[in-house]
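Raw protein_16.tsv, TSV, C-alpha atoms:
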```tsv
chain	number	residue	atom	x	y	z
A	1	MET	CA	0.00	0.00	0.00
A	2	SER	CA	1.59	3.22	-1.07
A	3	GLU	CA	-1.11	5.73	-0.11
A	4	HIS	CA	-1.67	6.59	3.51
A	5	PRO	CA	-4.84	4.97	4.80
A	6	LYS	CA	-7.75	7.14	5.83
A	7	PHE	CA	-8.13	7.98	9.50
A	8	GLU	CA	-11.29	5.86	9.58
A	9	ILE	CA	-9.31	2.81	8.51
A	10	LEU	CA	-6.64	3.39	11.15
A	11	SER	CA	-9.34	3.88	13.74
A	12	GLY	CA	-11.03	0.64	12.69
A	13	TYR	CA	-7.67	-1.13	12.72
A	14	HIS	CA	-7.08	0.04	16.29
A	15	ASP	CA	-10.47	-1.39	17.26
A	16	GLY	CA	-9.75	-4.72	15.58
A	17	GLU	CA	-12.74	-4.28	13.29
A	18	LEU	CA	-11.12	-4.65	9.87
A	19	GLU	CA	-11.42	-7.64	7.58
A	20	HIS	CA	-8.40	-9.89	7.44
A	21	ALA	CA	-7.14	-8.69	4.04
A	22	GLU	CA	-7.52	-5.03	4.91
A	23	ARG	CA	-5.79	-5.56	8.23
A	24	GLU	CA	-2.83	-7.17	6.47
A	25	ARG	CA	-2.54	-4.27	4.07
A	26	ILE	CA	-2.54	-1.79	6.96
A	27	GLU	CA	0.09	-3.75	8.84
A	28	ASN	CA	2.30	-3.85	5.78
A	29	HIS	CA	1.91	-0.13	5.38
A	30	LEU	CA	2.55	0.62	9.03
A	31	ALA	CA	5.74	-1.39	8.93
A	32	SER	CA	7.19	1.12	6.54
A	33	CYS	CA	5.38	4.38	7.39
A	34	GLY	CA	6.38	6.26	10.53
A	35	GLN	CA	3.80	8.95	9.88
A	36	CYS	CA	0.90	6.49	10.02
A	37	ARG	CA	2.37	4.77	13.08
A	38	HIS	CA	2.31	8.17	14.73
A	39	ARG	CA	-1.32	8.69	13.71
A	40	LEU	CA	-2.18	5.27	15.07
A	41	ASP	CA	-0.43	6.06	18.34
A	42	GLY	CA	-2.62	9.15	18.57
A	43	VAL	CA	-5.76	7.01	18.23
A	44	ARG	CA	-4.47	4.61	20.85
A	45	GLY	CA	-3.63	7.39	23.27
A	46	LEU	CA	-7.02	9.05	22.92
A	47	SER	CA	-8.84	5.76	23.26
A	48	ALA	CA	-6.85	4.90	26.39
A	49	ARG	CA	-7.59	8.27	27.97
A	50	LEU	CA	-11.28	7.88	27.36
A	51	ASN	CA	-11.13	4.40	28.76
A	52	ARG	CA	-9.45	5.66	31.93
A	53	LEU	CA	-12.16	8.18	32.70
A	54	ALA	CA	-13.45	7.57	36.18
A	55	THR	CA	-16.28	5.18	36.77
A	56	LEU	CA	-19.05	7.28	38.19
A	57	GLU	CA	-21.43	6.16	40.88
A	58	PRO	CA	-24.93	7.60	40.84
A	59	PRO	CA	-25.79	9.99	43.66
A	60	ASP	CA	-27.08	8.25	46.76
A	61	GLU	CA	-30.41	10.01	46.61
A	62	LEU	CA	-31.19	8.50	43.21
A	63	ARG	CA	-32.16	5.21	44.84
A	64	GLY	CA	-34.70	6.91	47.12
A	65	ARG	CA	-36.10	9.08	44.34
A	66	LEU	CA	-36.55	6.04	42.16
A	67	GLU	CA	-38.29	4.08	44.90
A	68	ARG	CA	-40.77	6.89	45.38
A	69	ARG	CA	-41.43	7.20	41.66
A	70	VAL	CA	-41.97	3.48	41.29
A	71	ALA	CA	-44.31	3.44	44.28
A	72	ASP	CA	-46.21	6.25	42.61
A	73	LEU	CA	-46.38	4.28	39.40
A	74	GLU	CA	-47.86	1.32	41.25
A	75	VAL	CA	-50.60	3.49	42.74
A	76	ARG	CA	-51.47	5.08	39.41
A	77	LYS	CA	-51.76	1.84	37.51
A	78	ASP	CA	-55.06	1.38	35.78
A	79	PRO	CA	-57.45	-1.18	37.32
A	80	VAL	CA	-56.50	-3.93	34.89
A	81	GLN	CA	-52.82	-3.49	35.63
A	82	ARG	CA	-53.49	-3.39	39.34
A	83	LEU	CA	-55.49	-6.59	39.16
A	84	GLU	CA	-52.71	-8.14	37.12
A	85	SER	CA	-50.22	-6.96	39.68
A	86	MET	CA	-52.29	-8.36	42.51
A	87	LEU	CA	-52.61	-11.68	40.77
A	88	ARG	CA	-48.91	-11.95	40.34
A	89	GLY	CA	-48.21	-10.98	43.97
A	90	VAL	CA	-46.58	-13.97	45.60
A	91	PRO	CA	-48.54	-14.21	48.87
A	92	LEU	CA	-51.93	-13.58	47.30
A	93	GLN	CA	-51.50	-15.51	44.14
A	94	PRO	CA	-53.01	-18.93	45.03
A	95	SER	CA	-56.23	-17.69	46.63
A	96	LEU	CA	-56.80	-14.97	44.07
A	97	ALA	CA	-56.13	-17.36	41.24
A	98	VAL	CA	-58.81	-19.71	42.59
A	99	ILE	CA	-61.30	-16.88	42.97
A	100	PHE	CA	-60.47	-15.65	39.50
A	101	ALA	CA	-60.96	-19.14	38.08
A	102	LEU	CA	-64.33	-19.50	39.85
A	103	ILE	CA	-65.53	-16.18	38.48
A	104	ILE	CA	-64.56	-17.22	34.98
A	105	ALA	CA	-66.24	-20.61	35.42
A	106	LEU	CA	-69.43	-18.96	36.64
A	107	ALA	CA	-69.40	-16.57	33.71
A	108	VAL	CA	-68.95	-19.47	31.30
A	109	ILE	CA	-71.83	-21.42	32.88
A	110	MET	CA	-74.12	-18.42	32.69
A	111	PHE	CA	-73.12	-17.81	29.11
A	112	LEU	CA	-73.82	-21.41	28.17
A	113	PHE	CA	-77.16	-21.35	29.90
A	114	VAL	CA	-78.31	-18.17	28.23
A	115	HIS	CA	-76.83	-19.16	24.95
A	116	GLY	CA	-78.40	-22.59	25.20
A	117	VAL	CA	-81.88	-21.13	25.75
A	118	ASP	CA	-81.27	-18.84	22.84
A	119	ARG	CA	-80.23	-21.75	20.67
A	120	HIS	CA	-83.34	-23.63	21.62
A	121	ARG	CA	-85.51	-20.65	20.75
A	122	ARG	CA	-83.89	-20.57	17.37
A	123	GLY	CA	-84.78	-24.21	16.92
A	124	LEU	CA	-81.24	-25.48	17.37
A	125	PRO	CA	-80.26	-28.44	19.53
A	126	VAL	CA	-80.03	-27.47	23.16
A	127	ARG	CA	-78.63	-29.03	26.25
A	128	LEU	CA	-81.52	-29.58	28.60
A	129	GLU	CA	-80.74	-29.38	32.28
A	130	PRO	CA	-82.74	-31.18	34.97
A	131	ALA	CA	-84.96	-28.86	36.92
A	132	ALA	CA	-84.85	-28.77	40.68
A	133	SER	CA	-87.95	-30.07	42.36
A	134	SER	CA	-88.69	-26.64	43.77
A	135	GLU	CA	-88.93	-25.33	40.24
A	136	ALA	CA	-91.99	-27.45	39.57
A	137	PRO	CA	-94.68	-25.95	41.72
A	138	GLU	CA	-97.54	-27.54	39.92
A	139	LYS	CA	-97.82	-31.25	39.51
A	140	PRO	CA	-101.35	-31.86	38.37
A	141	SER	CA	-102.15	-35.53	38.02
A	142	ALA	CA	-104.42	-35.11	35.15
A	143	THR	CA	-104.56	-36.43	31.69
A	144	ILE	CA	-105.52	-33.09	30.20
A	145	ARG	CA	-103.72	-29.85	30.90
A	146	GLN	CA	-104.28	-26.33	29.64
A	147	LEU	CA	-101.09	-24.39	29.19
A	148	ALA	CA	-100.59	-21.08	27.46
A	149	GLY	CA	-103.74	-21.46	25.51
A	150	ARG	CA	-102.85	-24.97	24.43
A	151	THR	CA	-104.31	-28.24	25.51
A	152	PHE	CA	-102.09	-31.16	26.29
A	153	GLU	CA	-103.35	-34.64	26.88
A	154	HIS	CA	-101.78	-37.83	28.05
A	155	THR	CA	-102.17	-40.79	25.78
A	156	ASP	CA	-100.83	-44.29	25.78
A	157	GLN	CA	-97.72	-42.93	24.09
A	158	GLY	CA	-97.30	-40.14	26.62
A	159	TRP	CA	-98.11	-36.44	26.49
A	160	ARG	CA	-98.97	-34.75	23.25
A	161	GLU	CA	-100.62	-31.53	22.27
A	162	GLN	CA	-104.21	-31.94	21.26
A	163	GLY	CA	-104.82	-31.55	17.59
A	164	LEU	CA	-101.23	-32.26	16.71
A	165	LYS	CA	-100.11	-35.53	15.38
A	166	GLY	CA	-96.68	-36.97	15.59
A	167	ASP	CA	-94.19	-37.85	18.22
A	168	ARG	CA	-94.70	-37.52	21.90
A	169	ILE	CA	-93.72	-34.27	23.45
A	170	GLU	CA	-91.00	-35.91	25.49
A	171	GLN	CA	-89.37	-37.28	22.41
A	172	MET	CA	-89.68	-34.09	20.47
A	173	VAL	CA	-88.48	-31.98	23.35
A	174	LEU	CA	-85.71	-34.16	24.54
A	175	SER	CA	-84.31	-35.82	21.49
A	176	ALA	CA	-83.02	-32.65	19.84
A	177	SER	CA	-83.98	-34.37	16.62
A	178	ALA	CA	-84.98	-32.49	13.52
A	179	PRO	CA	-88.74	-32.95	14.20
A	180	GLY	CA	-88.10	-31.88	17.78
A	181	ARG	CA	-86.34	-28.72	16.66
A	182	ARG	CA	-89.15	-27.92	14.29
A	183	TRP	CA	-91.71	-28.51	17.00
A	184	LEU	CA	-89.84	-26.23	19.38
A	185	ALA	CA	-89.62	-23.59	16.71
A	186	ARG	CA	-93.39	-23.63	16.40
A	187	HIS	CA	-93.82	-23.30	20.14
A	188	PRO	CA	-91.47	-20.56	21.26
A	189	SER	CA	-93.29	-20.06	24.55
A	190	LEU	CA	-92.55	-23.60	25.63
A	191	VAL	CA	-89.10	-24.01	27.02
A	192	PRO	CA	-88.14	-27.55	27.91
A	193	VAL	CA	-86.18	-27.65	31.11
A	194	SER	CA	-85.98	-31.34	31.86
A	195	ARG	CA	-84.66	-34.47	30.26
A	196	LEU	CA	-85.83	-36.82	32.97
A	197	PRO	CA	-87.58	-39.86	31.49
A	198	GLY	CA	-91.29	-39.92	31.90
A	199	ARG	CA	-91.54	-36.24	32.79
A	200	VAL	CA	-92.01	-33.12	30.78
A	201	LEU	CA	-91.07	-29.89	32.44
A	202	LEU	CA	-92.07	-26.90	30.42
A	203	GLU	CA	-91.53	-23.27	31.08
A	204	VAL	CA	-94.71	-21.53	30.11
A	205	ASP	CA	-94.88	-17.77	30.35
A	206	GLY	CA	-92.20	-17.73	32.99
A	207	HIS	CA	-93.61	-20.61	35.04
A	208	VAL	CA	-92.22	-24.08	35.18
A	209	VAL	CA	-94.94	-26.63	34.81
A	210	GLU	CA	-94.57	-30.34	34.92
A	211	LEU	CA	-96.74	-32.64	32.93
A	212	VAL	CA	-96.64	-35.82	34.88
A	213	ASN	CA	-97.87	-39.20	33.84
A	214	PRO	CA	-101.15	-40.05	35.47
A	215	ALA	CA	-101.08	-42.63	38.18
A	216	PRO	CA	-101.71	-46.14	36.86
A	217	PRO	CA	-105.26	-47.29	37.40
B	1	MET	CA	-44.52	-0.88	46.88
B	2	GLU	CA	-41.90	-2.63	48.90
B	3	ALA	CA	-38.47	-1.17	49.30
B	4	PHE	CA	-37.24	-3.01	46.25
B	5	LEU	CA	-33.87	-1.33	46.05
B	6	THR	CA	-32.63	-2.31	49.46
B	7	GLY	CA	-31.92	-5.96	48.76
B	8	ALA	CA	-28.53	-7.59	48.55
B	9	VAL	CA	-26.66	-7.68	45.28
B	10	MET	CA	-27.22	-10.91	43.41
B	11	PRO	CA	-24.66	-12.60	41.18
B	12	SER	CA	-24.08	-10.74	37.94
B	13	HIS	CA	-24.39	-13.91	35.86
B	14	GLN	CA	-28.12	-14.01	36.56
B	15	ASN	CA	-29.80	-14.92	33.36
B	16	ASP	CA	-31.40	-11.88	31.76
B	17	ARG	CA	-34.59	-13.58	30.79
B	18	ASP	CA	-35.02	-15.11	34.21
B	19	LEU	CA	-34.64	-11.66	35.67
B	20	ALA	CA	-37.31	-10.31	33.36
B	21	GLU	CA	-39.61	-13.21	34.16
B	22	ARG	CA	-39.18	-12.69	37.88
B	23	HIS	CA	-39.99	-9.01	37.47
B	24	ARG	CA	-43.06	-9.90	35.45
B	25	ARG	CA	-44.21	-12.19	38.25
B	26	GLY	CA	-43.86	-9.33	40.72
B	27	ASP	CA	-40.60	-10.22	42.44
B	28	PRO	CA	-39.30	-6.84	43.72
B	29	GLN	CA	-35.82	-8.26	44.10
B	30	ALA	CA	-35.51	-8.60	40.31
B	31	PHE	CA	-35.62	-4.86	39.71
B	32	SER	CA	-33.30	-4.32	42.63
B	33	GLU	CA	-30.75	-6.58	40.95
B	34	VAL	CA	-31.08	-4.67	37.71
B	35	TYR	CA	-30.42	-1.44	39.54
B	36	GLU	CA	-27.39	-2.83	41.33
B	37	ARG	CA	-25.90	-4.21	38.15
B	38	PHE	CA	-26.50	-1.28	35.86
B	39	SER	CA	-26.86	1.93	37.86
B	40	SER	CA	-23.19	2.91	37.53
B	41	MET	CA	-23.20	2.09	33.84
B	42	VAL	CA	-26.37	4.09	33.19
B	43	PHE	CA	-25.37	7.08	35.28
B	44	GLY	CA	-21.80	7.11	33.97
B	45	LEU	CA	-22.86	7.05	30.34
B	46	ALA	CA	-25.58	9.61	30.97
B	47	TYR	CA	-23.10	11.91	32.67
B	48	ARG	CA	-20.60	11.65	29.80
B	49	MET	CA	-23.38	12.24	27.31
B	50	ILE	CA	-25.07	15.10	29.18
B	51	GLY	CA	-22.12	16.64	30.99
B	52	ASN	CA	-24.10	17.64	34.05
B	53	ARG	CA	-24.40	15.54	37.17
B	54	GLU	CA	-27.88	16.63	38.17
B	55	GLU	CA	-29.37	16.14	34.73
B	56	ALA	CA	-27.57	12.84	34.37
B	57	ALA	CA	-29.27	11.70	37.57
B	58	ASP	CA	-32.63	12.75	36.11
B	59	VAL	CA	-31.87	10.82	32.95
B	60	ALA	CA	-30.82	7.77	34.98
B	61	GLN	CA	-34.04	7.95	36.94
B	62	GLU	CA	-36.12	8.05	33.75
B	63	VAL	CA	-34.11	5.17	32.32
B	64	PHE	CA	-34.80	2.99	35.34
B	65	LEU	CA	-38.46	3.92	35.34
B	66	ARG	CA	-38.67	2.77	31.74
B	67	ILE	CA	-36.85	-0.39	32.66
B	68	PHE	CA	-39.31	-0.95	35.50
B	69	ARG	CA	-42.27	-0.50	33.17
B	70	HIS	CA	-40.98	-2.64	30.35
B	71	LEU	CA	-38.68	-5.23	31.88
B	72	GLY	CA	-41.54	-7.72	32.06
B	73	ARG	CA	-41.80	-7.59	28.29
B	74	PHE	CA	-38.09	-8.07	27.71
B	75	ARG	CA	-37.77	-11.20	25.56
B	76	GLY	CA	-34.01	-11.54	25.40
B	77	ARG	CA	-33.56	-10.90	21.69
B	78	SER	CA	-30.57	-8.80	22.71
B	79	SER	CA	-28.73	-8.85	26.01
B	80	LEU	CA	-30.21	-6.92	28.88
B	81	LYS	CA	-27.10	-4.76	28.87
B	82	THR	CA	-27.56	-3.82	25.22
B	83	TRP	CA	-31.23	-3.11	25.84
B	84	ILE	CA	-30.41	-0.82	28.75
B	85	TYR	CA	-27.69	0.95	26.79
B	86	ARG	CA	-30.24	1.66	24.08
B	87	ILE	CA	-32.73	3.07	26.55
B	88	THR	CA	-30.01	5.21	28.11
B	89	VAL	CA	-28.76	6.62	24.82
B	90	ASN	CA	-32.29	7.36	23.66
B	91	GLN	CA	-33.10	9.06	26.93
B	92	CYS	CA	-29.93	11.14	26.66
B	93	HIS	CA	-30.79	12.21	23.12
B	94	SER	CA	-34.27	13.13	24.29
B	95	SER	CA	-32.93	15.12	27.21
B	96	LEU	CA	-30.40	16.93	25.05
B	97	SER	CA	-32.94	17.77	22.39
B	98	HIS	CA	-35.17	19.39	25.00
B	99	ARG	CA	-32.40	21.16	26.83
B	100	ARG	CA	-30.10	22.80	24.36
B	101	PRO	CA	-31.95	25.02	21.93
B	102	SER	CA	-29.31	27.74	22.21
B	103	GLY	CA	-26.11	25.74	22.16
B	104	GLU	CA	-25.57	25.92	25.92
B	105	PRO	CA	-22.30	24.23	26.84
B	106	LEU	CA	-22.56	20.73	28.23
B	107	ALA	CA	-19.70	20.09	30.61
B	108	ASP	CA	-20.19	21.35	34.14
B	109	GLU	CA	-16.58	20.53	35.03
B	110	HIS	CA	-17.61	18.86	38.20
B	111	PRO	CA	-14.47	17.42	39.82
B	112	ASP	CA	-15.91	13.92	39.87
B	113	GLY	CA	-16.76	14.13	36.22
B	114	GLY	CA	-13.46	15.52	35.10
B	115	GLU	CA	-11.05	13.31	36.89
B	116	GLU	CA	-9.01	10.79	35.04
B	117	ILE	CA	-8.04	7.66	36.88
B	118	VAL	CA	-4.31	6.98	36.95
B	119	ALA	CA	-3.03	3.88	38.68
B	120	GLY	CA	-0.78	4.05	41.70
B	121	GLU	CA	0.11	6.71	44.26
B	122	LEU	CA	0.42	10.12	42.65
B	123	SER	CA	1.90	13.37	43.76
B	124	PRO	CA	-0.56	16.26	44.18
B	125	GLU	CA	0.89	17.84	41.06
B	126	ARG	CA	0.25	14.75	38.97
B	127	GLN	CA	-3.21	14.33	40.44
B	128	ALA	CA	-3.99	17.91	39.49
B	129	ALA	CA	-2.64	17.27	36.01
B	130	GLY	CA	-4.85	14.21	35.76
B	131	HIS	CA	-7.88	16.25	36.76
B	132	GLU	CA	-7.03	18.88	34.19
B	133	LEU	CA	-6.62	16.29	31.45
B	134	GLY	CA	-9.94	14.73	32.34
B	135	ALA	CA	-11.65	18.09	32.40
B	136	ARG	CA	-10.24	18.95	28.97
B	137	LEU	CA	-11.42	15.64	27.64
B	138	ASN	CA	-14.90	16.25	29.02
B	139	ARG	CA	-15.01	19.68	27.44
B	140	ALA	CA	-13.91	18.24	24.13
B	141	LEU	CA	-16.54	15.49	24.36
B	142	ALA	CA	-19.15	18.15	24.98
B	143	GLU	CA	-18.24	19.74	21.65
B	144	LEU	CA	-19.08	16.61	19.69
B	145	SER	CA	-22.51	16.11	18.25
B	146	PRO	CA	-24.57	13.67	20.36
B	147	LYS	CA	-24.42	11.05	17.62
B	148	LEU	CA	-20.62	11.08	17.43
B	149	ARG	CA	-20.31	11.35	21.20
B	150	ALA	CA	-22.52	8.30	21.75
B	151	ALA	CA	-20.53	6.21	19.28
B	152	VAL	CA	-17.16	7.19	20.76
B	153	LEU	CA	-18.28	6.66	24.35
B	154	LEU	CA	-19.82	3.28	23.67
B	155	ARG	CA	-16.58	2.19	22.05
B	156	ASP	CA	-13.86	3.77	24.18
B	157	LEU	CA	-15.56	4.22	27.53
B	158	GLU	CA	-17.78	1.14	27.54
B	159	GLY	CA	-15.60	-1.08	25.37
B	160	LEU	CA	-18.34	-2.38	23.08
B	161	ASP	CA	-17.64	-3.72	19.61
B	162	TYR	CA	-19.05	-2.20	16.44
B	163	ARG	CA	-21.77	-4.78	16.06
B	164	GLU	CA	-23.10	-4.20	19.55
B	165	ILE	CA	-22.90	-0.44	19.13
B	166	GLY	CA	-24.83	-0.81	15.89
B	167	ARG	CA	-27.58	-2.69	17.72
B	168	ILE	CA	-27.80	-0.01	20.38
B	169	LEU	CA	-27.81	2.93	17.98
B	170	ARG	CA	-29.73	1.01	15.31
B	171	ILE	CA	-27.17	1.73	12.62
B	172	ARG	CA	-24.96	-0.48	10.46
B	173	PRO	CA	-21.44	-1.40	11.58
B	174	GLY	CA	-20.03	0.63	8.70
B	175	THR	CA	-21.79	3.70	10.03
B	176	VAL	CA	-20.53	2.90	13.51
B	177	ARG	CA	-16.96	2.82	12.21
B	178	SER	CA	-17.44	6.12	10.42
B	179	ARG	CA	-18.96	7.86	13.45
B	180	ILE	CA	-16.27	6.63	15.82
B	181	ALA	CA	-13.52	7.74	13.47
B	182	ARG	CA	-15.08	11.16	12.94
B	183	GLY	CA	-15.59	11.56	16.67
B	184	ARG	CA	-12.00	10.62	17.47
B	185	GLU	CA	-10.65	12.83	14.76
B	186	ARG	CA	-12.66	15.77	16.07
B	187	LEU	CA	-11.61	15.08	19.65
B	188	ARG	CA	-7.95	15.08	18.65
B	189	GLN	CA	-8.44	18.40	16.91
B	190	LEU	CA	-10.14	19.86	19.96
B	191	LEU	CA	-7.39	18.57	22.22
B	192	GLY	CA	-4.76	20.10	19.95
B	193	GLU	CA	-3.24	16.76	19.05
B	194	MET	CA	-3.44	17.04	15.28
```
As a first step, turn the structure in this file into structure tokens.
Amino acid sequence: MSEHPKFEILSGYHDGELEHAERERIENHLASCGQCRHRLDGVRGLSARLNRLATLEPPDELRGRLERRVADLEVRKDPVQRLESMLRGVPLQPSLAVIFALIIALAVIMFLFVHGVDRHRRGLPVRLEPAASSEAPEKPSATIRQLAGRTFEHTDQGWREQGLKGDRIEQMVLSASAPGRRWLARHPSLVPVSRLPGRVLLEVDGHVVELVNPAPP
Amino acid sequence: MEAFLTGAVMPSHQNDRDLAERHRRGDPQAFSEVYERFSSMVFGLAYRMIGNREEAADVAQEVFLRIFRHLGRFRGRSSLKTWIYRITVNQCHSSLSHRRPSGEPLADEHPDGGEEIVAGELSPERQAAGHELGARLNRALAELSPKLRAAVLLRDLEGLDYREIGRILRIRPGTVRSRIARGRERLRQLLGEM
């Protein structure tokens, strides 16, 4: 190399950041150029002086200031962040996690219930839950029952609506079959709430009514 | 908030991602460890960049607040050290851009900031000379543009290689090399060495 290398190249050489070939060229040049060795010494000297600048410790009060600011940040967190923070707090984590899980489970159950009723009203298959006994205030042992302007009668095949032919109500209500869905779609005021065999629990205008099989003669 | 900065210093080889994960889970000791490991580095770089002890402390405080807010999201794509350098440099640039509309000089020539460490026992005369050299160097650094100053400091004060500096400043290694060389060249001019 006959030309003097640029300062940038010497600087990069000092830092050990040149490619192998370029480094070799610089070394060959330096071997025969006192002027560039002097320039390189200047880079080394400056770099060493910068490197020897004192390590500075932060002022003692910085720690306290920072603690106060962080505490302030914690207080100002929005509710979601605060809840998240609480949930990740070590001592509270197990109990809060359980409570949180229960709340989510309850929300899911309620959603499924509401959604299930809605699905049934739209004539789609629904999951029918057994009704508690207290939800069936009326248990008339009769073979004919008037409900919501309709007349139901008990036949040898079970309960059916008068004037309608086809499957028994239990089957149509409980089977979630295509005829059952169609039947439910025609009777939006009747909400089946039971899948117990031999019983038909219907919600009629907000009341749960059970159509029970008559006692055997 | 617990007194998170009062804990004992943990080993420096603590895995960065583990530290972030612990912070995310709410372990106050995690942030304390970050502070212990990096406070000198952050404050030192901020002081050399800003040239004023009080403002450097403000910058360091903002840096650690940002670390506190975002450490939980640190994913370890770079080292924690690189990540903190980047935050520090950005915070310094932000502070400088708000502070110096009229070209106000940077260096406050505080004795702590100007001194140059020289090994061994020194005579008072040599100690004074060391202080003067350090103060001149600080004044010269203050004359550099923030971009050149950051590149030179990350290389010569912090000892980082070009690739790491490039990650911090988000520039290519070739640009790093150019900035460092220009910064050094300018410093030598300012120090009367060229």
Write out as a tab-separated table a residue-level contact list of chain A versus chain B with cut-off 6 Å: for each qualifying residue the closest pair of atoms and the distance in Å to one decimal, counting only C-alpha atoms, rows sorted by chain and residue number upward.
```
residue	atom	partner	partner_atom	distance
A:Glu8	CA	B:Ala181	CA	4.9
A:Ser11	CA	B:Ala181	CA	5.7
A:Ser47	CA	B:Asp156	CA	5.5
A:Leu50	CA	B:Leu157	CA	5.6
A:Asn51	CA	B:Leu157	CA	4.6
A:Arg52	CA	B:Ile117	CA	5.5
A:Leu53	CA	B:Glu116	CA	4.7
A:Ala54	CA	B:Ile117	CA	5.5
A:Leu56	CA	B:Gly44	CA	5.0
A:Glu57	CA	B:Ser40	CA	5.0
A:Pro58	CA	B:Phe43	CA	5.6
A:Ala71	CA	B:Met1	CA	5.0
A:Arg88	CA	B:Arg25	CA	5.1
A:Gly89	CA	B:Gly26	CA	5.7
```
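For the pair atom CA of Gly42 of chain A and atom CA of Ile168 of chain B, the interatomic distance is 26.9 Å.
Going from atom CA of Leu73 of chain A over to atom CA of Arg66 of chain B, you cover 11.0 Å.
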Exercise. Would you list the residues near (-41.8, -12.2, 33.4), meaning any protein, DNA or RNA residue with an atom at most 9 Å from that point in file coordinates, counting all atoms listed in the file, as a list in words?
Key: Arg17, Asp18, Leu19, Ala20, Glu21, Arg22, His23, Arg24, Arg25, Gly26, Leu71, Gly72, Arg73, Phe74 and Arg75 of chain B
Output C-alpha atoms of each residue in that selection to a file, as a PDB file, keeping the file's coordinate frame.
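Result file is part28.pdb:
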```pdb
ATOM      1  CA  ARG B  17     -34.590 -13.580  30.790  1.00  0.00           C
ATOM      2  CA  ASP B  18     -35.020 -15.110  34.210  1.00  0.00           C
ATOM      3  CA  LEU B  19     -34.640 -11.660  35.670  1.00  0.00           C
ATOM      4  CA  ALA B  20     -37.310 -10.310  33.360  1.00  0.00           C
ATOM      5  CA  GLU B  21     -39.610 -13.210  34.160  1.00  0.00           C
ATOM      6  CA  ARG B  22     -39.180 -12.690  37.880  1.00  0.00           C
ATOM      7  CA  HIS B  23     -39.990  -9.010  37.470  1.00  0.00           C
ATOM      8  CA  ARG B  24     -43.060  -9.900  35.450  1.00  0.00           C
ATOM      9  CA  ARG B  25     -44.210 -12.190  38.250  1.00  0.00           C
ATOM     10  CA  GLY B  26     -43.860  -9.330  40.720  1.00  0.00           C
ATOM     11  CA  LEU B  71     -38.680  -5.230  31.880  1.00  0.00           C
ATOM     12  CA  GLY B  72     -41.540  -7.720  32.060  1.00  0.00           C
ATOM     13  CA  ARG B  73     -41.800  -7.590  28.290  1.00  0.00           C
ATOM     14  CA  PHE B  74     -38.090  -8.070  27.710  1.00  0.00           C
ATOM     15  CA  ARG B  75     -37.770 -11.200  25.560  1.00  0.00           C
TER      16      ARG B  75
END
```
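One finds atom CA of Thr82 of chain B at 28.6 Å from atom CA of Glu22 of chain A.
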How would segment 154-165 of chain B look written as an mmCIF file, in the first residue's frame with N, CA and C atoms?
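Saved to decode_28.cif:
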```
data_model
loop_
_atom_site.group_PDB
_atom_site.id
_atom_site.type_symbol
_atom_site.label_atom_id
_atom_site.label_comp_id
_atom_site.auth_asym_id
_atom_site.auth_seq_id
_atom_site.Cartn_x
_atom_site.Cartn_y
_atom_site.Cartn_z
ATOM 1 N N LEU B 154 -19.482 4.701 23.593
ATOM 2 C CA LEU B 154 -19.817 3.276 23.666
ATOM 3 C C LEU B 154 -18.614 2.417 23.310
ATOM 4 N N ARG B 155 -17.767 2.946 22.416
ATOM 5 C CA ARG B 155 -16.577 2.191 22.047
ATOM 6 C C ARG B 155 -15.460 2.339 23.101
ATOM 7 N N ASP B 156 -15.069 3.556 23.379
ATOM 8 C CA ASP B 156 -13.859 3.766 24.182
ATOM 9 C C ASP B 156 -14.106 3.782 25.687
ATOM 10 N N LEU B 157 -15.274 4.214 26.097
ATOM 11 C CA LEU B 157 -15.564 4.216 27.534
ATOM 12 C C LEU B 157 -16.162 2.880 27.962
ATOM 13 N N GLU B 158 -17.084 2.368 27.157
ATOM 14 C CA GLU B 158 -17.783 1.143 27.542
ATOM 15 C C GLU B 158 -17.158 -0.114 26.939
ATOM 16 N N GLY B 159 -16.321 0.062 25.930
ATOM 17 C CA GLY B 159 -15.600 -1.082 25.370
ATOM 18 C C GLY B 159 -16.443 -2.010 24.521
ATOM 19 N N LEU B 160 -17.489 -1.518 23.908
ATOM 20 C CA LEU B 160 -18.342 -2.376 23.078
ATOM 21 C C LEU B 160 -17.789 -2.481 21.658
ATOM 22 N N ASP B 161 -18.095 -3.598 20.994
ATOM 23 C CA ASP B 161 -17.638 -3.719 19.611
ATOM 24 C C ASP B 161 -18.644 -3.061 18.660
ATOM 25 N N TYR B 162 -18.238 -2.951 17.396
ATOM 26 C CA TYR B 162 -19.051 -2.195 16.436
ATOM 27 C C TYR B 162 -20.453 -2.795 16.266
ATOM 28 N N ARG B 163 -20.485 -4.121 16.288
ATOM 29 C CA ARG B 163 -21.767 -4.781 16.058
ATOM 30 C C ARG B 163 -22.755 -4.451 17.188
ATOM 31 N N GLU B 164 -22.247 -4.494 18.407
ATOM 32 C CA GLU B 164 -23.103 -4.197 19.552
ATOM 33 C C GLU B 164 -23.519 -2.720 19.556
ATOM 34 N N ILE B 165 -22.575 -1.872 19.211
ATOM 35 C CA ILE B 165 -22.902 -0.440 19.129
ATOM 36 C C ILE B 165 -23.972 -0.211 18.061
#
```
